[in-house]
Amino acid sequence: MKETPKNPILFIVGPTGAGKSKLAIRVARRLRGEIISMDSMQIYRGMDIGTDKPSRWARWRVPHHLFDLVRPDQEFSVYEYRNRFFEAAEKILGKGKTVVAVGGTGLYVKAVVDGLSPHPGKDEGIRNRLEKIAAEEGLNLLYARLQKADPGVAKRLHPNDKKRIIRALEVLELTGKSLAEWERKTIPLEAMGYGYRLFGIRTGRLALYKAIDRRVDCMFRKGMVKEAFRLRDKLSATAAQAIGYRELWGYFEGKANLVEVREKIKQHTRNFAKKQLIWFKRDSRIVWLSGTEKEMTDRIVRMAGLPGK
RNA sequence: GGCACGGUAGCCAAGUGGCAAGGCGAGAGUCUGCAAAACUCUUAUACGCCGGUUCGAUUCCGGCCCGUGCCU
């Protein structure tokens, strides 16, 4: 028996400050869509101004999903994200509507589109033990161990890449199988029966950097400092490293002045945008859009292969 | 005006009588359960100026210029 084909999932990716959210709303309004966020920091409740979450008004106009999933002191993972994504997507598609997935967290996009292999999650005990070995006896030891036990994975990792070396050893210890072996079981989106389209917003780097500067100034006007102050000491390690917040800790301790902090935030946001650009650049499936918001919307709607509203 | 300290790459900064650390930034990349993270590569003929000592000075000496602090 044949399933009725689902609407293709539309992904809109790009660097921070490129205007993804606004474009997504426009697209969603045209296609009877709902928005799913693909952002690793907007999942935290209360971190609103600093992560530039869509306004109430925007959320009222179009339903938004996968914002405010956890408290900022809670842990989260790509795995969990991926599950939540499909939960939300199914709900939307079930209504005959269109999923407009927007975001700049490359890893999350990848986990959804290319799949995530079914290997087990982290094991705090193993991780701590390996961390300790790395600290006391040197990372080389761990790398050497990995080279012996799993030469294939060792080869693709740099000897200084502590996080991934430990992760590879962890999976090995937990399952007796190589990470690479697990990865062969990954199921990409199309194999799951979903159609999809990837769109990226192309902007000149200078224009993007300017937009970022403006946005950071705007965040300060909206009360970024107050928001961060309220959240200080209440954030998990991951949430506390969010740009805009992590720079302010120094200010609260009297170690930096606000002007410096603001410039640092701008700079770090630019660095981040650059990394996002690099991440998405290599994905040849992405259709790159430029022009006005309306032109980009038209193009997406046309390529989505669906009638407009 | 006097005294003290300082002047090293776009910025910060260590250091030595004989190849001048590092960090930030910038550029290019990697990425499978912390990802706004982590990691990699590339990047600068940089020692304030003028003399002196020396085989050799960024380093020691003298003068000058500039900055900072203190004193009058």
# chains A, B, ... in the order shown; residues from 1 in each chain; ligands from 1

call {"tool": "residues_around", "arguments": {"residues": "segment 77-87 of chain A", "least_positions_apart": "3", "cutoff": "10 Å", "atoms": "only C-alpha atoms (C1' of nucleotides)", "output": "number ranges by chain"}}
result
A: 36-40, 43, 65-66, 69, 90-92, 101, 107-113, 115-118, 120-122; B: 32-35

call {"tool": "interface_residues", "arguments": {"of": "chain B", "to": "chain A", "cutoff": "12 Å", "atoms": "only C-alpha atoms (C1' of nucleotides)", "output": "PyMOL selection string"}}
result
chain B and resi 24-41

call {"tool": "write_last_selection", "arguments": {"atoms": "C-alpha atoms (C1' of nucleotides)", "output": "mmCIF file, in the first residue's frame"}}
result
data_model
loop_
_atom_site.group_PDB
_atom_site.id
_atom_site.type_symbol
_atom_site.label_atom_id
_atom_site.label_comp_id
_atom_site.auth_asym_id
_atom_site.auth_seq_id
_atom_site.Cartn_x
_atom_site.Cartn_y
_atom_site.Cartn_z
ATOM 1 C "C1'" C B 24 43.937 37.754 20.366
ATOM 2 C "C1'" G B 25 42.587 39.159 15.576
ATOM 3 C "C1'" A B 26 42.489 37.869 10.278
ATOM 4 C "C1'" G B 27 42.161 33.885 6.437
ATOM 5 C "C1'" A B 28 41.336 28.624 5.275
ATOM 6 C "C1'" G B 29 39.352 24.062 7.186
ATOM 7 C "C1'" U B 30 37.611 19.615 10.245
ATOM 8 C "C1'" C B 31 33.122 17.995 12.534
ATOM 9 C "C1'" U B 32 28.035 11.651 14.404
ATOM 10 C "C1'" G B 33 25.144 12.411 21.650
ATOM 11 C "C1'" C B 34 28.538 19.470 25.346
ATOM 12 C "C1'" A B 35 28.340 22.223 18.678
ATOM 13 C "C1'" A B 36 27.180 29.722 20.000
ATOM 14 C "C1'" A B 37 31.646 23.888 21.699
ATOM 15 C "C1'" A B 38 36.172 21.505 20.397
ATOM 16 C "C1'" C B 39 40.177 20.779 17.099
ATOM 17 C "C1'" U B 40 43.664 21.757 12.684
ATOM 18 C "C1'" C B 41 46.450 24.682 9.171
#

call {"tool": "select_by_dssp", "arguments": {"residues": "segment 57-137 of chain A", "states": "alpha helix (DSSP H)", "output": "PyMOL selection string"}}
result
chain A and resi 57-61+78-94+106-113+124-137

call {"tool": "write_last_selection", "arguments": {"atoms": "C-alpha atoms", "output": "PDB file, in the first residue's frame"}}
result
ATOM      1  CA  TRP A  57       4.084  38.515  17.510  1.00  0.00           C
ATOM      2  CA  ALA A  58       5.994  36.259  15.147  1.00  0.00           C
ATOM      3  CA  ARG A  59       5.059  33.197  17.123  1.00  0.00           C
ATOM      4  CA  TRP A  60       1.481  34.249  17.117  1.00  0.00           C
ATOM      5  CA  ARG A  61       1.463  34.612  13.368  1.00  0.00           C
ATOM      6  CA  VAL A  78      21.780  16.233  19.467  1.00  0.00           C
ATOM      7  CA  TYR A  79      20.115  12.913  19.941  1.00  0.00           C
ATOM      8  CA  GLU A  80      17.330  14.433  21.961  1.00  0.00           C
ATOM      9  CA  TYR A  81      17.038  17.228  19.482  1.00  0.00           C
ATOM     10  CA  ARG A  82      16.610  14.843  16.632  1.00  0.00           C
ATOM     11  CA  ASN A  83      13.816  12.972  18.381  1.00  0.00           C
ATOM     12  CA  ARG A  84      12.025  16.176  19.171  1.00  0.00           C
ATOM     13  CA  PHE A  85      12.391  17.274  15.602  1.00  0.00           C
ATOM     14  CA  PHE A  86      10.588  14.267  14.187  1.00  0.00           C
ATOM     15  CA  GLU A  87       7.944  14.471  16.841  1.00  0.00           C
ATOM     16  CA  ALA A  88       7.179  18.029  15.831  1.00  0.00           C
ATOM     17  CA  ALA A  89       7.506  17.326  12.136  1.00  0.00           C
ATOM     18  CA  GLU A  90       5.068  14.439  12.270  1.00  0.00           C
ATOM     19  CA  LYS A  91       2.559  16.579  14.048  1.00  0.00           C
ATOM     20  CA  ILE A  92       2.784  19.273  11.428  1.00  0.00           C
ATOM     21  CA  LEU A  93       2.786  16.952   8.452  1.00  0.00           C
ATOM     22  CA  GLY A  94      -0.085  15.022   9.932  1.00  0.00           C
ATOM     23  CA  GLY A 106      24.998  22.732  11.524  1.00  0.00           C
ATOM     24  CA  LEU A 107      25.218  19.646  13.646  1.00  0.00           C
ATOM     25  CA  TYR A 108      21.491  19.650  14.291  1.00  0.00           C
ATOM     26  CA  VAL A 109      20.716  20.052  10.635  1.00  0.00           C
ATOM     27  CA  LYS A 110      23.059  17.228   9.829  1.00  0.00           C
ATOM     28  CA  ALA A 111      21.595  14.970  12.466  1.00  0.00           C
ATOM     29  CA  VAL A 112      18.162  15.428  10.952  1.00  0.00           C
ATOM     30  CA  VAL A 113      19.044  15.349   7.275  1.00  0.00           C
ATOM     31  CA  GLU A 124      29.665  10.106  32.539  1.00  0.00           C
ATOM     32  CA  GLY A 125      31.744   7.514  34.372  1.00  0.00           C
ATOM     33  CA  ILE A 126      33.789   6.468  31.390  1.00  0.00           C
ATOM     34  CA  ARG A 127      34.177  10.013  30.264  1.00  0.00           C
ATOM     35  CA  ASN A 128      35.453  11.219  33.604  1.00  0.00           C
ATOM     36  CA  ARG A 129      37.895   8.384  33.813  1.00  0.00           C
ATOM     37  CA  LEU A 130      39.276   9.098  30.359  1.00  0.00           C
ATOM     38  CA  GLU A 131      39.436  12.815  31.090  1.00  0.00           C
ATOM     39  CA  LYS A 132      41.478  12.044  34.146  1.00  0.00           C
ATOM     40  CA  ILE A 133      43.895   9.891  32.216  1.00  0.00           C
ATOM     41  CA  ALA A 134      44.270  12.621  29.621  1.00  0.00           C
ATOM     42  CA  ALA A 135      44.994  15.195  32.309  1.00  0.00           C
ATOM     43  CA  GLU A 136      47.403  13.094  34.311  1.00  0.00           C
ATOM     44  CA  GLU A 137      49.163  10.937  31.783  1.00  0.00           C
TER      45      GLU A 137
END

call {"tool": "atom_distance", "arguments": {"atom1": "atom CA of Gly96 of chain A", "atom2": "atom CA of Ile12 of chain A"}}
result
19.8 Å

call {"tool": "atom_distance", "arguments": {"atom1": "atom CA of Leu10 of chain A", "atom2": "atom CA of Tyr196 of chain A"}}
result
5.7 Å

call {"tool": "residues_around", "arguments": {"residues": "segment 10-21 of chain B", "least_positions_apart": "5", "cutoff": "12 Å", "atoms": "only C-alpha atoms (C1' of nucleotides)", "output": "PyMOL selection string"}}
result
chain B and resi 26+43-44+46-47+53-60

call {"tool": "write_last_selection", "arguments": {"atoms": "C-alpha atoms (C1' of nucleotides)", "output": "tab-separated table (two decimals), in the first residue's frame"}}
result
chain	number	residue	atom	x	y	z
B	26	A	C1'	42.49	37.87	10.28
B	43	U	C1'	49.32	34.61	8.33
B	44	A	C1'	53.31	39.37	10.16
B	46	A	C1'	57.70	43.31	14.94
B	47	C	C1'	62.26	44.98	18.86
B	53	U	C1'	80.85	49.60	23.08
B	54	U	C1'	81.39	44.68	20.69
B	55	C	C1'	83.50	39.88	16.00
B	56	G	C1'	78.17	40.50	16.68
B	57	A	C1'	73.14	44.77	19.91
B	58	U	C1'	66.31	43.98	20.26
B	59	U	C1'	69.39	43.04	24.70
B	60	C	C1'	74.88	46.89	27.42

call {"tool": "atom_distance", "arguments": {"atom1": "atom CA of Ala168 of chain A", "atom2": "atom CA of Leu139 of chain A"}}
result
13.3 Å

call {"tool": "select_by_dssp", "arguments": {"residues": "segment 9-202 of chain A", "states": "strand (DSSP E)", "output": "PyMOL selection string"}}
result
chain A and resi 9-13+33-37+64-65+98-103+196-201

call {"tool": "residues_around", "arguments": {"residues": "segment 281-296 of chain A", "least_positions_apart": "5", "cutoff": "8 Å", "atoms": "only C-alpha atoms (C1' of nucleotides)", "output": "list in words"}}
result
Leu23, Arg197, Leu198, Phe199, Gly200, Ile201, Arg202 and Thr203 of chain A

call {"tool": "write_last_selection", "arguments": {"atoms": "N, CA and C atoms", "output": "mmCIF file, in the first residue's frame"}}
result
data_model
loop_
_atom_site.group_PDB
_atom_site.id
_atom_site.type_symbol
_atom_site.label_atom_id
_atom_site.label_comp_id
_atom_site.auth_asym_id
_atom_site.auth_seq_id
_atom_site.Cartn_x
_atom_site.Cartn_y
_atom_site.Cartn_z
ATOM 1 N N LEU A 23 12.555 35.242 7.008
ATOM 2 C CA LEU A 23 12.265 34.556 5.752
ATOM 3 C C LEU A 23 11.374 33.343 6.003
ATOM 4 N N ARG A 197 14.073 19.814 1.020
ATOM 5 C CA ARG A 197 14.819 20.785 0.237
ATOM 6 C C ARG A 197 15.655 21.613 1.193
ATOM 7 N N LEU A 198 16.870 21.871 0.816
ATOM 8 C CA LEU A 198 17.744 22.695 1.661
ATOM 9 C C LEU A 198 17.994 24.037 0.997
ATOM 10 N N PHE A 199 17.717 25.092 1.727
ATOM 11 C CA PHE A 199 17.983 26.427 1.209
ATOM 12 C C PHE A 199 18.941 27.154 2.142
ATOM 13 N N GLY A 200 19.815 27.930 1.558
ATOM 14 C CA GLY A 200 20.733 28.721 2.370
ATOM 15 C C GLY A 200 20.643 30.174 1.963
ATOM 16 N N ILE A 201 20.796 31.051 2.921
ATOM 17 C CA ILE A 201 20.781 32.470 2.595
ATOM 18 C C ILE A 201 22.207 32.929 2.355
ATOM 19 N N ARG A 202 22.427 33.461 1.204
ATOM 20 C CA ARG A 202 23.764 33.926 0.869
ATOM 21 C C ARG A 202 23.845 35.435 1.114
ATOM 22 N N THR A 203 24.824 35.834 1.877
ATOM 23 C CA THR A 203 25.029 37.272 2.077
ATOM 24 C C THR A 203 26.510 37.552 2.000
#

call {"tool": "closest_residue", "arguments": {"among": "A:Ala149, A:Val171, A:Ile165, A:Ile212", "to": "Gly17 of chain A", "atoms": "only C-alpha atoms"}}
result
A:Ile212
